[in-house]
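Colleague: Provided herewith: start09.cif, mmCIF, C-alpha atoms.
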```
data_coords
loop_
_atom_site.label_atom_id
_atom_site.label_comp_id
_atom_site.auth_asym_id
_atom_site.auth_seq_id
_atom_site.Cartn_x
_atom_site.Cartn_y
_atom_site.Cartn_z
CA MET C 1 -92.89 -20.10 -47.55
CA PRO C 2 -90.53 -19.79 -44.53
CA ARG C 3 -89.87 -16.27 -43.32
CA ASN C 4 -86.62 -15.11 -41.78
CA LEU C 5 -86.15 -12.88 -38.77
CA ASP C 6 -83.84 -9.89 -39.15
CA MET C 7 -80.84 -10.59 -36.87
CA THR C 8 -79.87 -6.92 -36.81
CA ALA C 9 -83.35 -5.97 -35.65
CA LEU C 10 -83.29 -8.77 -33.05
CA ARG C 11 -79.97 -7.45 -31.69
CA SER C 12 -81.44 -3.96 -31.42
CA PHE C 13 -84.52 -5.34 -29.68
CA ALA C 14 -82.46 -7.32 -27.14
CA THR C 15 -80.18 -4.35 -26.49
CA VAL C 16 -83.15 -2.02 -25.90
CA ALA C 17 -84.57 -4.56 -23.44
CA ASP C 18 -81.25 -4.83 -21.58
CA ALA C 19 -80.48 -1.10 -21.62
CA GLY C 20 -84.00 -0.03 -20.69
CA GLY C 21 -84.45 2.44 -23.52
CA VAL C 22 -83.82 3.26 -27.16
CA THR C 23 -81.42 6.14 -26.54
CA ARG C 24 -78.98 4.14 -24.42
CA ALA C 25 -79.25 1.12 -26.71
CA ALA C 26 -78.41 3.29 -29.70
CA GLY C 27 -75.20 4.38 -27.98
CA LEU C 28 -74.23 0.80 -27.20
CA LEU C 29 -74.92 -0.28 -30.79
CA HIS C 30 -73.20 2.77 -32.31
CA LEU C 31 -76.37 3.61 -34.23
CA THR C 32 -78.66 6.61 -34.31
CA GLN C 33 -81.79 6.54 -32.20
CA SER C 34 -83.95 6.76 -35.32
CA ALA C 35 -82.19 3.75 -36.86
CA VAL C 36 -82.86 1.62 -33.78
CA SER C 37 -86.49 2.77 -33.66
CA MET C 38 -86.94 1.87 -37.33
CA GLN C 39 -85.50 -1.62 -36.78
CA LEU C 40 -87.88 -2.17 -33.87
CA LYS C 41 -90.82 -1.02 -35.96
CA ARG C 42 -89.89 -3.39 -38.82
CA LEU C 43 -89.54 -6.27 -36.36
CA GLU C 44 -93.00 -5.61 -34.91
CA GLU C 45 -94.50 -5.34 -38.39
CA SER C 46 -92.89 -8.57 -39.57
CA LEU C 47 -94.28 -10.47 -36.57
CA GLY C 48 -97.59 -8.65 -36.43
CA ARG C 49 -97.15 -8.16 -32.69
CA THR C 50 -96.51 -5.20 -30.39
CA LEU C 51 -93.26 -5.93 -28.58
CA LEU C 52 -92.69 -2.71 -26.62
CA ASP C 53 -95.00 -0.68 -24.42
CA ARG C 54 -94.21 2.95 -25.15
CA SER C 55 -97.05 4.48 -23.14
CA GLY C 56 -94.93 5.36 -20.10
CA ARG C 57 -91.77 7.41 -19.66
CA GLY C 58 -89.53 4.44 -20.32
CA VAL C 59 -89.75 1.43 -22.60
CA THR C 60 -91.08 -1.85 -21.21
CA LEU C 61 -91.72 -5.19 -22.85
CA THR C 62 -95.20 -6.46 -23.63
CA ALA C 63 -96.06 -10.09 -22.97
CA ASP C 64 -95.15 -10.89 -26.60
CA GLY C 65 -91.91 -8.94 -26.19
CA GLU C 66 -90.95 -10.94 -23.11
CA GLN C 67 -91.55 -14.17 -25.00
CA LEU C 68 -89.49 -13.02 -27.98
CA LEU C 69 -86.60 -11.84 -25.78
CA GLY C 70 -85.77 -15.38 -24.68
CA TYR C 71 -85.68 -16.59 -28.28
CA ALA C 72 -83.72 -13.53 -29.41
CA ARG C 73 -80.97 -14.06 -26.84
CA ARG C 74 -80.53 -17.70 -27.81
CA MET C 75 -80.47 -16.86 -31.52
CA LEU C 76 -77.96 -14.05 -31.08
CA ARG C 77 -75.74 -16.20 -28.88
CA LEU C 78 -75.71 -18.97 -31.51
CA ASN C 79 -75.17 -16.43 -34.31
CA ASP C 80 -72.18 -14.92 -32.51
CA GLU C 81 -70.72 -18.33 -31.74
CA VAL C 82 -70.95 -19.47 -35.36
CA TYR C 83 -69.55 -16.20 -36.66
CA GLY C 84 -66.69 -16.30 -34.17
CA ARG C 85 -65.71 -19.89 -34.91
CA LEU C 86 -65.79 -19.50 -38.68
CA THR C 87 -64.25 -16.05 -39.08
CA ASP C 88 -61.81 -15.47 -36.21
CA GLN C 89 -59.75 -18.65 -36.20
CA VAL C 90 -56.69 -16.61 -37.15
CA TYR C 91 -56.66 -14.95 -33.74
CA GLU C 92 -54.73 -17.05 -31.26
CA GLY C 93 -52.85 -16.07 -28.14
CA GLU C 94 -53.25 -15.10 -24.51
CA ILE C 95 -54.35 -11.92 -22.76
CA VAL C 96 -53.69 -11.40 -19.06
CA LEU C 97 -56.55 -9.47 -17.47
CA GLY C 98 -56.25 -8.32 -13.84
CA VAL C 99 -59.42 -7.49 -11.90
CA PRO C 100 -59.88 -6.69 -8.19
CA HIS C 101 -61.86 -9.25 -6.19
CA ASP C 102 -64.69 -6.83 -5.51
CA VAL C 103 -65.60 -6.04 -9.13
CA VAL C 104 -65.25 -9.47 -10.73
CA TYR C 105 -69.00 -9.96 -10.34
CA PRO C 106 -71.33 -9.31 -12.02
CA ALA C 107 -69.54 -7.78 -15.01
CA ILE C 108 -66.50 -9.93 -15.80
CA PRO C 109 -68.16 -13.36 -16.36
CA LYS C 110 -70.40 -11.78 -19.01
CA VAL C 111 -67.38 -10.18 -20.68
CA LEU C 112 -65.42 -13.45 -20.74
CA LYS C 113 -68.36 -15.43 -22.11
CA MET C 114 -68.96 -12.95 -24.93
CA PHE C 115 -65.27 -12.72 -25.79
CA HIS C 116 -64.87 -16.51 -25.91
CA ALA C 117 -67.81 -16.78 -28.31
CA GLU C 118 -66.19 -14.28 -30.66
CA TYR C 119 -62.56 -15.44 -30.27
CA PRO C 120 -62.65 -19.09 -29.18
CA ARG C 121 -58.91 -19.60 -29.70
CA MET C 122 -57.89 -16.60 -27.61
CA LYS C 123 -57.18 -17.39 -23.95
CA VAL C 124 -57.94 -14.80 -21.30
CA ASN C 125 -55.92 -15.46 -18.15
CA LEU C 126 -57.92 -13.78 -15.37
CA VAL C 127 -55.90 -12.64 -12.37
CA SER C 128 -58.01 -11.59 -9.39
CA SER C 129 -56.22 -9.74 -6.61
CA PHE C 130 -56.04 -6.42 -4.78
CA THR C 131 -55.64 -3.14 -6.64
CA ASN C 132 -52.16 -2.49 -5.23
CA ARG C 133 -50.86 -5.88 -6.34
CA LEU C 134 -52.45 -5.58 -9.78
CA LYS C 135 -50.80 -2.20 -10.30
CA GLU C 136 -47.45 -3.70 -9.33
CA MET C 137 -47.94 -6.56 -11.80
CA TYR C 138 -48.98 -4.09 -14.50
CA ALA C 139 -45.86 -1.99 -13.87
CA ARG C 140 -43.71 -5.11 -14.29
CA GLY C 141 -45.41 -5.99 -17.58
CA GLU C 142 -47.16 -9.05 -16.15
CA CYS C 143 -50.69 -7.89 -17.08
CA ASP C 144 -51.95 -6.61 -20.42
CA ILE C 145 -55.10 -5.01 -19.01
CA ILE C 146 -56.05 -4.23 -15.43
CA LEU C 147 -59.05 -2.78 -13.66
CA THR C 148 -58.58 -0.99 -10.35
CA THR C 149 -60.79 0.32 -7.57
CA GLU C 150 -59.28 3.52 -6.19
CA ASP C 151 -60.02 7.16 -5.40
CA ARG C 152 -57.84 8.67 -8.11
CA LEU C 153 -56.73 8.05 -11.70
CA ASP C 154 -53.08 7.61 -12.62
CA ALA C 155 -51.61 8.79 -15.91
CA GLY C 156 -52.67 6.68 -18.87
CA GLY C 157 -55.78 5.34 -17.17
CA GLU C 158 -59.47 5.68 -17.94
CA THR C 159 -62.30 5.90 -15.42
CA LEU C 160 -65.12 3.52 -16.41
CA THR C 161 -67.55 4.39 -13.65
CA THR C 162 -67.72 6.02 -10.22
CA LEU C 163 -69.72 4.19 -7.55
CA PRO C 164 -70.33 4.66 -3.82
CA LEU C 165 -69.10 2.34 -1.10
CA VAL C 166 -71.86 0.83 1.05
CA TRP C 167 -71.89 -0.84 4.45
CA VAL C 168 -72.73 -4.55 4.35
CA GLY C 169 -73.50 -7.11 7.01
CA ALA C 170 -75.34 -10.34 7.67
CA PRO C 171 -79.00 -10.39 6.59
CA GLY C 172 -80.92 -9.00 9.53
CA GLY C 173 -77.66 -8.71 11.44
CA GLN C 174 -76.98 -6.60 14.53
CA ALA C 175 -73.19 -6.26 14.40
CA TRP C 176 -73.42 -2.71 13.04
CA LYS C 177 -75.07 -1.55 16.29
CA ILE C 178 -72.24 -2.79 18.56
CA ARG C 179 -69.62 -0.35 19.88
CA PRO C 180 -66.79 -0.42 19.30
CA LEU C 181 -67.87 -1.25 15.77
CA ARG C 182 -66.33 -4.55 14.70
CA LEU C 183 -64.74 -4.38 11.23
CA ALA C 184 -63.62 -7.16 8.88
CA TYR C 185 -61.09 -6.44 6.11
CA GLU C 186 -58.39 -8.05 4.04
CA HIS C 187 -54.88 -6.88 4.96
CA ASN C 188 -54.37 -5.21 1.57
CA CYS C 189 -57.87 -3.78 1.11
CA ILE C 190 -57.57 -0.29 -0.32
CA PHE C 191 -60.79 0.84 1.40
CA ARG C 192 -60.02 0.09 5.05
CA MET C 193 -58.06 3.26 5.90
CA GLY C 194 -60.74 5.51 4.41
CA VAL C 195 -63.45 3.69 6.33
CA GLN C 196 -61.50 4.01 9.58
CA SER C 197 -61.05 7.74 8.94
CA ALA C 198 -64.77 8.15 8.28
CA LEU C 199 -65.59 6.45 11.59
CA ASP C 200 -63.04 8.57 13.45
CA GLY C 201 -64.55 11.67 11.85
CA VAL C 202 -67.96 11.04 13.41
CA GLY C 203 -66.62 9.75 16.72
CA ILE C 204 -67.57 6.08 16.33
CA ALA C 205 -65.15 3.76 18.13
CA TRP C 206 -64.06 0.72 16.10
CA GLU C 207 -61.85 -2.33 16.26
CA MET C 208 -60.43 -4.59 13.57
CA ALA C 209 -62.17 -7.81 14.57
CA VAL C 210 -61.33 -9.94 11.52
CA GLU C 211 -58.26 -9.67 9.28
CA SER C 212 -57.30 -12.05 6.51
CA ASP C 213 -55.71 -12.34 3.09
CA SER C 214 -58.83 -14.16 1.88
CA SER C 215 -62.00 -12.44 0.70
CA ARG C 216 -63.91 -15.66 1.45
CA THR C 217 -62.84 -15.49 5.10
CA ILE C 218 -64.04 -11.90 5.35
CA GLU C 219 -67.39 -12.72 3.74
CA ALA C 220 -67.89 -15.76 5.97
CA SER C 221 -67.18 -13.73 9.11
CA VAL C 222 -69.52 -10.93 8.07
CA SER C 223 -72.31 -13.33 7.08
CA ALA C 224 -72.00 -14.86 10.56
CA ASP C 225 -72.75 -11.38 11.98
CA LEU C 226 -69.33 -11.14 13.64
CA ALA C 227 -68.43 -7.84 11.98
CA VAL C 228 -69.31 -5.42 9.18
CA HIS C 229 -67.58 -4.69 5.90
CA THR C 230 -67.84 -2.29 2.95
CA VAL C 231 -68.17 -3.04 -0.76
CA ILE C 232 -68.80 -1.12 -3.95
CA ASP C 233 -72.50 -0.56 -4.58
CA GLY C 234 -73.82 -3.13 -7.03
CA THR C 235 -71.30 -5.82 -6.03
CA VAL C 236 -72.88 -7.01 -2.77
CA PRO C 237 -72.41 -10.80 -2.33
CA ARG C 238 -75.74 -12.61 -2.27
CA HIS C 239 -75.23 -13.91 1.29
CA LEU C 240 -74.78 -10.34 2.61
CA GLU C 241 -77.00 -7.26 2.49
CA VAL C 242 -76.64 -3.49 2.52
CA ILE C 243 -77.06 -2.24 6.07
CA ASP C 244 -80.07 0.06 6.51
CA HIS C 245 -78.40 2.02 9.29
CA GLY C 246 -80.57 5.15 9.08
CA GLY C 247 -77.61 7.45 9.63
CA GLY C 248 -76.11 5.33 12.40
CA LEU C 249 -72.97 4.85 10.32
CA PRO C 250 -71.12 7.51 8.31
CA GLU C 251 -71.66 7.95 4.59
CA LEU C 252 -68.74 6.60 2.59
CA THR C 253 -66.71 7.96 -0.30
CA LEU C 254 -67.10 7.37 -4.01
CA THR C 255 -64.77 4.89 -5.68
CA GLN C 256 -63.53 4.90 -9.25
CA VAL C 257 -63.32 1.76 -11.35
CA ASN C 258 -60.34 2.53 -13.58
CA LEU C 259 -58.98 0.82 -16.68
CA TYR C 260 -55.31 0.61 -17.67
CA VAL C 261 -54.11 -0.89 -20.96
CA ALA C 262 -50.46 -1.70 -21.64
CA ASP C 263 -48.66 -0.74 -24.82
CA PRO C 264 -48.82 -2.09 -27.46
CA CYS C 265 -52.19 -3.80 -26.82
CA THR C 266 -53.91 -2.84 -30.06
CA GLY C 267 -55.86 -4.50 -32.83
CA PRO C 268 -59.39 -5.90 -33.23
CA VAL C 269 -59.04 -8.52 -30.47
CA PHE C 270 -58.07 -5.97 -27.82
CA ASP C 271 -60.54 -3.42 -29.20
CA ASP C 272 -63.43 -5.87 -28.85
CA LEU C 273 -62.40 -6.98 -25.36
CA LEU C 274 -62.04 -3.38 -24.17
CA ALA C 275 -65.38 -2.43 -25.72
CA ALA C 276 -67.05 -5.31 -23.86
CA ILE C 277 -65.44 -4.25 -20.56
CA ARG C 278 -66.50 -0.62 -21.03
CA GLN C 279 -70.07 -1.64 -21.86
CA ALA C 280 -70.31 -3.99 -18.88
CA PHE C 281 -69.34 -1.26 -16.42
CA ASP C 282 -71.36 1.40 -18.19
CA VAL C 283 -74.58 -0.37 -17.14
CA MET C 284 -73.61 -0.92 -13.48
#
```
In structure tokens, what does this structure look like?
Modeller:
Amino acid sequence: MPRNLDMTALRSFATVADAGGVTRAAGLLHLTQSAVSMQLKRLEESLGRTLLDRSGRGVTLTADGEQLLGYARRMLRLNDEVYGRLTDQVYEGEIVLGVPHDVVYPAIPKVLKMFHAEYPRMKVNLVSSFTNRLKEMYARGECDIILTTEDRLDAGGETLTTLPLVWVGAPGGQAWKIRPLRLAYEHNCIFRMGVQSALDGVGIAWEMAVESDSSRTIEASVSADLAVHTVIDGTVPRHLEVIDHGGGLPELTLTQVNLYVADPCTGPVFDDLLAAIRQAFDVM
């Protein structure tokens, strides 16, 4: 007789694997820790396999757990797609989401993919620009939801996470050792003045070697080892690397990733999109 896997238990298992522990997974699933642990136990018993190694401080996957995780993700993705297409057809419309260039990856593609699976007839119009421009668009009613990267929180906003800025340069590059230090920034980058002040504060001479309105131009120049740049930790482009300067450059400030939601953006569609955004940045 065919046996069926428990989808709820599979979702708990996949979330524990992604979150790195039962406690954090329970928070993401809005369940108690004991409930998640019980689901994992039932899943192991139904398969007759040990899926999690609990001998250390954290929770790691066994070889059987790693094999199951691939299946679980595919099954959950198909489950969510079917459920979304057959139950949420009534939701149609467009949401304008504004996100700064520097925090689009890695969080936003995952959010958009999940949201499309649940609400396939809802269109999310993604606007990627600088924080200052996004706040202007939001004030004019041109964006429903915006994320910002800034050092303070305006009224009505919500801070999702606080992350440090890091120095980045070409892999194995030497530009960070040159004086005056050659910088590369977009004209409207909200970080450039703070970085310049930090350099002035420790007496490091600098010059603005590359300026552009294009993030691609900045990244290309930095990857060619013509200058250095700063980004939010966890968002380093793959063709750049964090500079191991050993104290040769000043430590940089913390930056808030803030969320602003226009009125009246309410209802299950907005609630689910906002929940996905919050979860994505909670794990950065």
Colleague: Work out how far atom CA of C:Tyr105 is from atom CA of C:Gly267, in Å to one decimal.
Modeller: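 Going from atom CA of C:Gly267 over to atom CA of C:Tyr105, I get 26.6 Å.
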Colleague: Just want the 12 Å neighbourhood of C:Leu112, counted on all atoms listed in the file, with same-chain residues fewer than 2 positions away dropped. Output as a ChimeraX atom specification.
Modeller: /C:95,97,104-110,114-120,122-126,272-274,276-277,280
Colleague: Between C:Leu240, C:Leu163, C:Val22, C:Leu51, which has the minimum distance to C:Ala35 (counting all atoms listed in the file)?
Modeller: C:Val22
Colleague: Name all residues at most 12 Å from C:Met137 (count only C-alpha atoms; drop same-chain ones fewer than 5 positions away) and give them as a list in words.
Modeller: Val96, Leu97, Gly98, Val99, Val127, Ser128, Ser129, Phe130, Thr131, Asn132, Glu142, Cys143, Asp144, Ile145, Ile146, Leu147, Tyr260 and Ala262 of chain C
Colleague: Would you pick out the contacts of C:Leu252 at 8 Å or less, using only C-alpha atoms, so that residues sharing its chain but fewer than 3 positions from it are not included, and give the list as a list in words?
Modeller: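 Once the nearby chain positions are removed, what remains is Pro164, Leu165, Val166, Val195 and Ala198 of chain C.
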Colleague: Would you mind listing what lies within 12 Å of C:Leu31 as a PyMOL selection string, with only C-alpha atoms counted and same-chain residues fewer than 6 positions away left out?
Modeller: chain C and resi 8-9+11-12+15+22-25+37-39
Colleague: Using only C-alpha atoms, determine which residues lie at most 10 Å from stretch 167-172 of chain C, disregarding the query and same-chain residues fewer than 4 positions distant; provide the list as number ranges by chain.
Modeller: C: 176, 195, 219-233, 236-245, 249-252
Colleague: Those same residues - C-alpha atoms - I'd like them written as a PDB file, keeping the file's coordinate frame.
Modeller:
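Result file result.pdb:
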```
ATOM      1  CA  TRP C 176     -73.420  -2.710  13.040  1.00  0.00           C
ATOM      2  CA  VAL C 195     -63.450   3.690   6.330  1.00  0.00           C
ATOM      3  CA  GLU C 219     -67.390 -12.720   3.740  1.00  0.00           C
ATOM      4  CA  ALA C 220     -67.890 -15.760   5.970  1.00  0.00           C
ATOM      5  CA  SER C 221     -67.180 -13.730   9.110  1.00  0.00           C
ATOM      6  CA  VAL C 222     -69.520 -10.930   8.070  1.00  0.00           C
ATOM      7  CA  SER C 223     -72.310 -13.330   7.080  1.00  0.00           C
ATOM      8  CA  ALA C 224     -72.000 -14.860  10.560  1.00  0.00           C
ATOM      9  CA  ASP C 225     -72.750 -11.380  11.980  1.00  0.00           C
ATOM     10  CA  LEU C 226     -69.330 -11.140  13.640  1.00  0.00           C
ATOM     11  CA  ALA C 227     -68.430  -7.840  11.980  1.00  0.00           C
ATOM     12  CA  VAL C 228     -69.310  -5.420   9.180  1.00  0.00           C
ATOM     13  CA  HIS C 229     -67.580  -4.690   5.900  1.00  0.00           C
ATOM     14  CA  THR C 230     -67.840  -2.290   2.950  1.00  0.00           C
ATOM     15  CA  VAL C 231     -68.170  -3.040  -0.760  1.00  0.00           C
ATOM     16  CA  ILE C 232     -68.800  -1.120  -3.950  1.00  0.00           C
ATOM     17  CA  ASP C 233     -72.500  -0.560  -4.580  1.00  0.00           C
ATOM     18  CA  VAL C 236     -72.880  -7.010  -2.770  1.00  0.00           C
ATOM     19  CA  PRO C 237     -72.410 -10.800  -2.330  1.00  0.00           C
ATOM     20  CA  ARG C 238     -75.740 -12.610  -2.270  1.00  0.00           C
ATOM     21  CA  HIS C 239     -75.230 -13.910   1.290  1.00  0.00           C
ATOM     22  CA  LEU C 240     -74.780 -10.340   2.610  1.00  0.00           C
ATOM     23  CA  GLU C 241     -77.000  -7.260   2.490  1.00  0.00           C
ATOM     24  CA  VAL C 242     -76.640  -3.490   2.520  1.00  0.00           C
ATOM     25  CA  ILE C 243     -77.060  -2.240   6.070  1.00  0.00           C
ATOM     26  CA  ASP C 244     -80.070   0.060   6.510  1.00  0.00           C
ATOM     27  CA  HIS C 245     -78.400   2.020   9.290  1.00  0.00           C
ATOM     28  CA  LEU C 249     -72.970   4.850  10.320  1.00  0.00           C
ATOM     29  CA  PRO C 250     -71.120   7.510   8.310  1.00  0.00           C
ATOM     30  CA  GLU C 251     -71.660   7.950   4.590  1.00  0.00           C
ATOM     31  CA  LEU C 252     -68.740   6.600   2.590  1.00  0.00           C
TER      32      LEU C 252
END
```
Colleague: Compare C:Leu61, C:Val16, C:Met208, C:Val261 by their minimum atom-to-atom distance to C:Lys135, counting all atoms listed in the file, and give me the closest one.
Modeller: C:Val261
